[in-house]
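A quick write-up on the structure given underneath.
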Amino acid sequence: MPFVALSDSSSSVSLKKLMIICASNAVTYFDFLIYLFMADIISSTFFPANDDPILANMQVLSLFIAGYLTRPIGAILLGRYADVKGRRPALLISMSCIALTALITTCLPTYAQVGILSPILFFIARLFQGMAFGAHTPLGWVYIAEYVNKRNLATFLSFVTASFMLGELGSILLFEIITSTHTRDQLIESGWRIPFVWAALFSFVVLLLLQTINETPIFTRQQNKQTFVPKLSELGPYFKRFNAIFLALIITFIIASLTMVIALLLPDLVSMRFSIDDSMLRLSNNLSLLFMMIGCVFYGLIADRSGTGKAMMIGSAALMLQALAFFYHLEYGGGSYILFMYAILGFCAGIISLGLVILVQLFPTEVRVTALSLTYNLMYALVGLTLPFGLGYATNLVSFSPALYIIFVSLVTFIIGLYIYRLPKFKDLDESIKL
């Protein structure tokens, strides 16, 4: 399978550009996760009061699911725009949409004010936010990959990956602050608007910063004669890269699975079967996010020095062992050292940053953002919509189910790492990075 070499040794990305892209990713993830952490409050605000617990849960879940539904649509539209018009204008459009939807959501009327019109308006804003988010994440990866000196590709992309954890940590901390300073009635009345105000403010600041960056040198050098609506002849790069599409889906499965289980779902899954203090569990989760950021950068540095495949194999083996140790400790140690065990688990999960090194080299420049965005968002939507239900059901039956799932994902990661390590063409790219 042919891989695509990126920047040459004369290319480099400034610290300013890296920080701006990281800030934009952190803000978009912060904005996207607000709907998850505030789902219960938002459901009470935008839907009529309901005594049926099943219907109430469906309302809460629908708020979060709505954002996943339109992500593939945004991936196609904005991804194609990025491949035709450039990475910079696509970044500006997606960030503008994210900022506007956050601002519009802040100003939406509640169900008590306008009735059924309220949830309709909310869903429309949520759907547009999902569209913008779908393309923004891969756009940041591609922008850095097409700018950075290839000797530091994994390191720079690891910082971009770590920025998502920063956005999640920020959303968690803000949610804990407002829930500790407001009663539930106050949150339903007006307090729910606070995180969206912050999201809009951060988004507009990042939008101003994105105005200062320029187009990537790789896209600028490309003789681009594509139109927004592709001709049949332009679809060749997609059909000829079936192996690349399949590999992109597998890598996205790894990234989505580890991110959702360890960063989002694990506290609830642990509390289902083990008696751990809720405040300690939340603190442990926050600490794991911090160590996941450190792990992302650590594995990026290792990959730039020893090769992507080798780093993936080492990291996946460490994650398998730590997943077993983590749940063994919960089962037989009573959670006495959960802070330490959770932190190490988060650090090991930092191998998700290595997937980006492969993803950005799977497709040629003229279709890179569209192909990467579409495959990434389709698989992420599939995992995001099914994993919480499936793993929650399995955990009810077997307490070690999250560990078994992490081990399965780690095995898949190890196989991908071995494949990349033994693949001559990717090894050539790794060797050229170290020259």
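By order in the structure tokens, chains are A, B, ...; within a chain, residues start at 1; ligands start at 1, following the order shown.
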For the contact check between region 394-423 of chain A and region 267-278 of chain A, emit one row per residue of region 394-423 of chain A within 8 Å, containing the shortest atom pair and the distance in Å rounded to one decimal, counting only C-alpha atoms, chain then rising number order, as a tab-separated table.
```
residue	atom	partner	partner_atom	distance
A:Thr395	CA	A:Leu269	CA	6.7
A:Asn396	CA	A:Met272	CA	7.2
A:Ser399	CA	A:Arg273	CA	6.0
A:Pro402	CA	A:Leu269	CA	7.5
```
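Rounded to one decimal, CA of Thr308 (chain A) and CA of Ala323 (chain A) lie 22.1 Å from each other.
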Among region 294-392 of chain A, which ones does DSSP place in alpha helix (DSSP H), written as a ChimeraX atom specification? /A:294-306,308-333,338-348,352-359,368-392
Please identify all polymer residues within 12 Å of Phe298 (chain A), counting only C-alpha atoms, omitting same-chain residues fewer than 6 positions from it, and present them as a VMD selection string. chain A and resid 154 to 159 161 to 162 291 to 292 304 to 305 311 to 312 315 347 to 354
Neighbours of Ile20 (chain A) within 8 Å (only C-alpha atoms; same-chain residues fewer than 6 positions away dropped), as an MDAnalysis selection string? chainID A and resid 206 209:210
Find the distance between CA of Leu264 (chain A) and CA of Ser118 (chain A) and write it in Å to one decimal. 28.2 Å
Shell of 8 Å around Asn377 (chain A), only C-alpha atoms, local chain residues under 5 positions omitted, as number ranges by chain: A: 71-72, 75, 134
Written file, previous selection with N, CA, C and O atoms, as a compact mmCIF listing (two decimals), in the first residue's frame:
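After the write, out01.txt holds the following:
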```
# COMPACT_ATOMS: atom_id res chain seq x y z
N ARG A 71 -21.87 14.71 11.57
CA ARG A 71 -20.42 14.81 11.42
C ARG A 71 -19.93 14.30 10.07
O ARG A 71 -19.10 14.95 9.41
N PRO A 72 -20.44 13.15 9.55
CA PRO A 72 -20.00 12.73 8.21
C PRO A 72 -20.39 13.71 7.10
O PRO A 72 -19.66 13.86 6.12
N ALA A 75 -17.95 16.38 7.21
CA ALA A 75 -16.68 15.86 6.71
C ALA A 75 -16.62 15.91 5.19
O ALA A 75 -15.59 16.25 4.60
N GLY A 134 -17.12 17.89 12.61
CA GLY A 134 -16.70 16.73 11.84
C GLY A 134 -15.48 16.96 10.97
O GLY A 134 -14.66 16.06 10.79
```
What lies within 8 Å of Leu139 (chain A) using only C-alpha atoms, ignoring chain neighbours under 2 positions off, as a list of chain:residue names?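 Surrounding residues, per the criterion: A:Gly79, A:Ala82, A:Arg87, A:Ala90, A:Leu91, A:Ala135, A:His136, A:Thr137, A:Trp141, A:Val142, A:Tyr143, A:Val369, A:Ser373.
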Any chance you can output those residues with all heavy atoms as a short mmCIF file (atom, residue, chain, number, x, y, z; two decimals), in the first residue's frame?
```cif
data_model
loop_
_atom_site.label_atom_id
_atom_site.label_comp_id
_atom_site.auth_asym_id
_atom_site.auth_seq_id
_atom_site.Cartn_x
_atom_site.Cartn_y
_atom_site.Cartn_z
N GLY A 79 -14.62 19.00 4.08
CA GLY A 79 -13.42 18.30 3.64
C GLY A 79 -13.13 18.56 2.17
O GLY A 79 -11.99 18.83 1.79
N ALA A 82 -11.88 22.05 1.73
CA ALA A 82 -10.47 22.17 2.11
C ALA A 82 -9.54 21.65 1.03
O ALA A 82 -8.45 22.19 0.82
CB ALA A 82 -10.22 21.42 3.42
N ARG A 87 -6.68 24.61 3.17
CA ARG A 87 -6.89 24.24 4.57
C ARG A 87 -7.27 25.44 5.43
O ARG A 87 -8.14 25.35 6.31
CB ARG A 87 -5.63 23.60 5.15
CG ARG A 87 -5.16 22.24 4.65
CD ARG A 87 -5.40 21.88 3.27
NE ARG A 87 -4.71 20.65 2.87
CZ ARG A 87 -5.22 19.81 1.99
NH1 ARG A 87 -6.40 20.04 1.43
NH2 ARG A 87 -4.54 18.72 1.65
N ALA A 90 -10.99 26.60 5.07
CA ALA A 90 -11.87 25.59 5.66
C ALA A 90 -11.83 25.65 7.18
O ALA A 90 -12.87 25.49 7.85
CB ALA A 90 -11.48 24.21 5.16
N LEU A 91 -10.64 25.87 7.75
CA LEU A 91 -10.53 26.03 9.19
C LEU A 91 -11.34 27.22 9.68
O LEU A 91 -12.02 27.15 10.71
CB LEU A 91 -9.06 26.19 9.59
CG LEU A 91 -8.22 24.92 9.73
CD1 LEU A 91 -6.74 25.27 9.81
CD2 LEU A 91 -8.65 24.12 10.96
N ALA A 135 -15.36 18.16 10.42
CA ALA A 135 -14.21 18.45 9.56
C ALA A 135 -13.08 19.14 10.30
O ALA A 135 -11.93 19.06 9.88
CB ALA A 135 -14.65 19.31 8.37
N HIS A 136 -13.39 19.82 11.39
CA HIS A 136 -12.37 20.65 12.04
C HIS A 136 -11.23 19.82 12.61
O HIS A 136 -10.06 20.21 12.50
CB HIS A 136 -13.01 21.49 13.15
CG HIS A 136 -12.12 22.58 13.65
ND1 HIS A 136 -12.09 23.83 13.08
CD2 HIS A 136 -11.21 22.61 14.65
CE1 HIS A 136 -11.20 24.58 13.71
NE2 HIS A 136 -10.65 23.86 14.67
N THR A 137 -11.56 18.69 13.22
CA THR A 137 -10.52 17.86 13.83
C THR A 137 -9.49 17.37 12.81
O THR A 137 -8.29 17.60 12.98
CB THR A 137 -11.16 16.67 14.56
OG1 THR A 137 -12.01 17.16 15.60
CG2 THR A 137 -10.10 15.78 15.17
N TRP A 141 -5.13 18.25 12.03
CA TRP A 141 -4.06 17.26 11.82
C TRP A 141 -3.35 17.51 10.49
O TRP A 141 -2.13 17.51 10.43
CB TRP A 141 -4.64 15.85 11.80
CG TRP A 141 -5.34 15.44 13.04
CD1 TRP A 141 -5.23 16.01 14.28
CD2 TRP A 141 -6.28 14.37 13.17
NE1 TRP A 141 -6.05 15.35 15.17
CE2 TRP A 141 -6.69 14.35 14.53
CE3 TRP A 141 -6.80 13.43 12.29
CZ2 TRP A 141 -7.61 13.42 15.00
CZ3 TRP A 141 -7.71 12.50 12.77
CH2 TRP A 141 -8.11 12.50 14.10
N VAL A 142 -4.15 17.68 9.45
CA VAL A 142 -3.58 17.84 8.11
C VAL A 142 -2.77 19.13 8.03
O VAL A 142 -1.69 19.17 7.42
CB VAL A 142 -4.69 17.82 7.04
CG1 VAL A 142 -4.15 18.23 5.68
CG2 VAL A 142 -5.32 16.43 6.96
N TYR A 143 -3.28 20.19 8.63
CA TYR A 143 -2.57 21.47 8.58
C TYR A 143 -1.17 21.33 9.17
O TYR A 143 -0.17 21.76 8.57
CB TYR A 143 -3.35 22.54 9.33
CG TYR A 143 -2.72 23.91 9.21
CD1 TYR A 143 -3.05 24.76 8.16
CD2 TYR A 143 -1.77 24.35 10.13
CE1 TYR A 143 -2.46 26.01 8.04
CE2 TYR A 143 -1.17 25.59 10.02
CZ TYR A 143 -1.52 26.42 8.97
OH TYR A 143 -0.92 27.64 8.84
N VAL A 369 -8.01 15.70 2.96
CA VAL A 369 -8.93 16.09 4.03
C VAL A 369 -10.28 15.39 3.87
O VAL A 369 -10.86 14.91 4.85
CB VAL A 369 -9.11 17.62 4.05
CG1 VAL A 369 -10.05 18.01 5.19
CG2 VAL A 369 -7.78 18.33 4.23
N SER A 373 -11.35 12.88 6.71
CA SER A 373 -12.49 13.33 7.50
C SER A 373 -13.64 12.35 7.43
O SER A 373 -14.28 12.04 8.45
CB SER A 373 -12.97 14.71 7.01
OG SER A 373 -11.98 15.69 7.18
#
```
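Put simply, CA of Lys310 (chain A) is 19.9 Å away from CA of Ala244 (chain A).
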Show which residues sit within 12 Å of Ser257 (chain A), as a ChimeraX atom specification. Count only C-alpha atoms, and ignore same-chain residues fewer than 2 positions away. /A:249-255,259-266,349,352,379-388,391,402,405-410,412-413
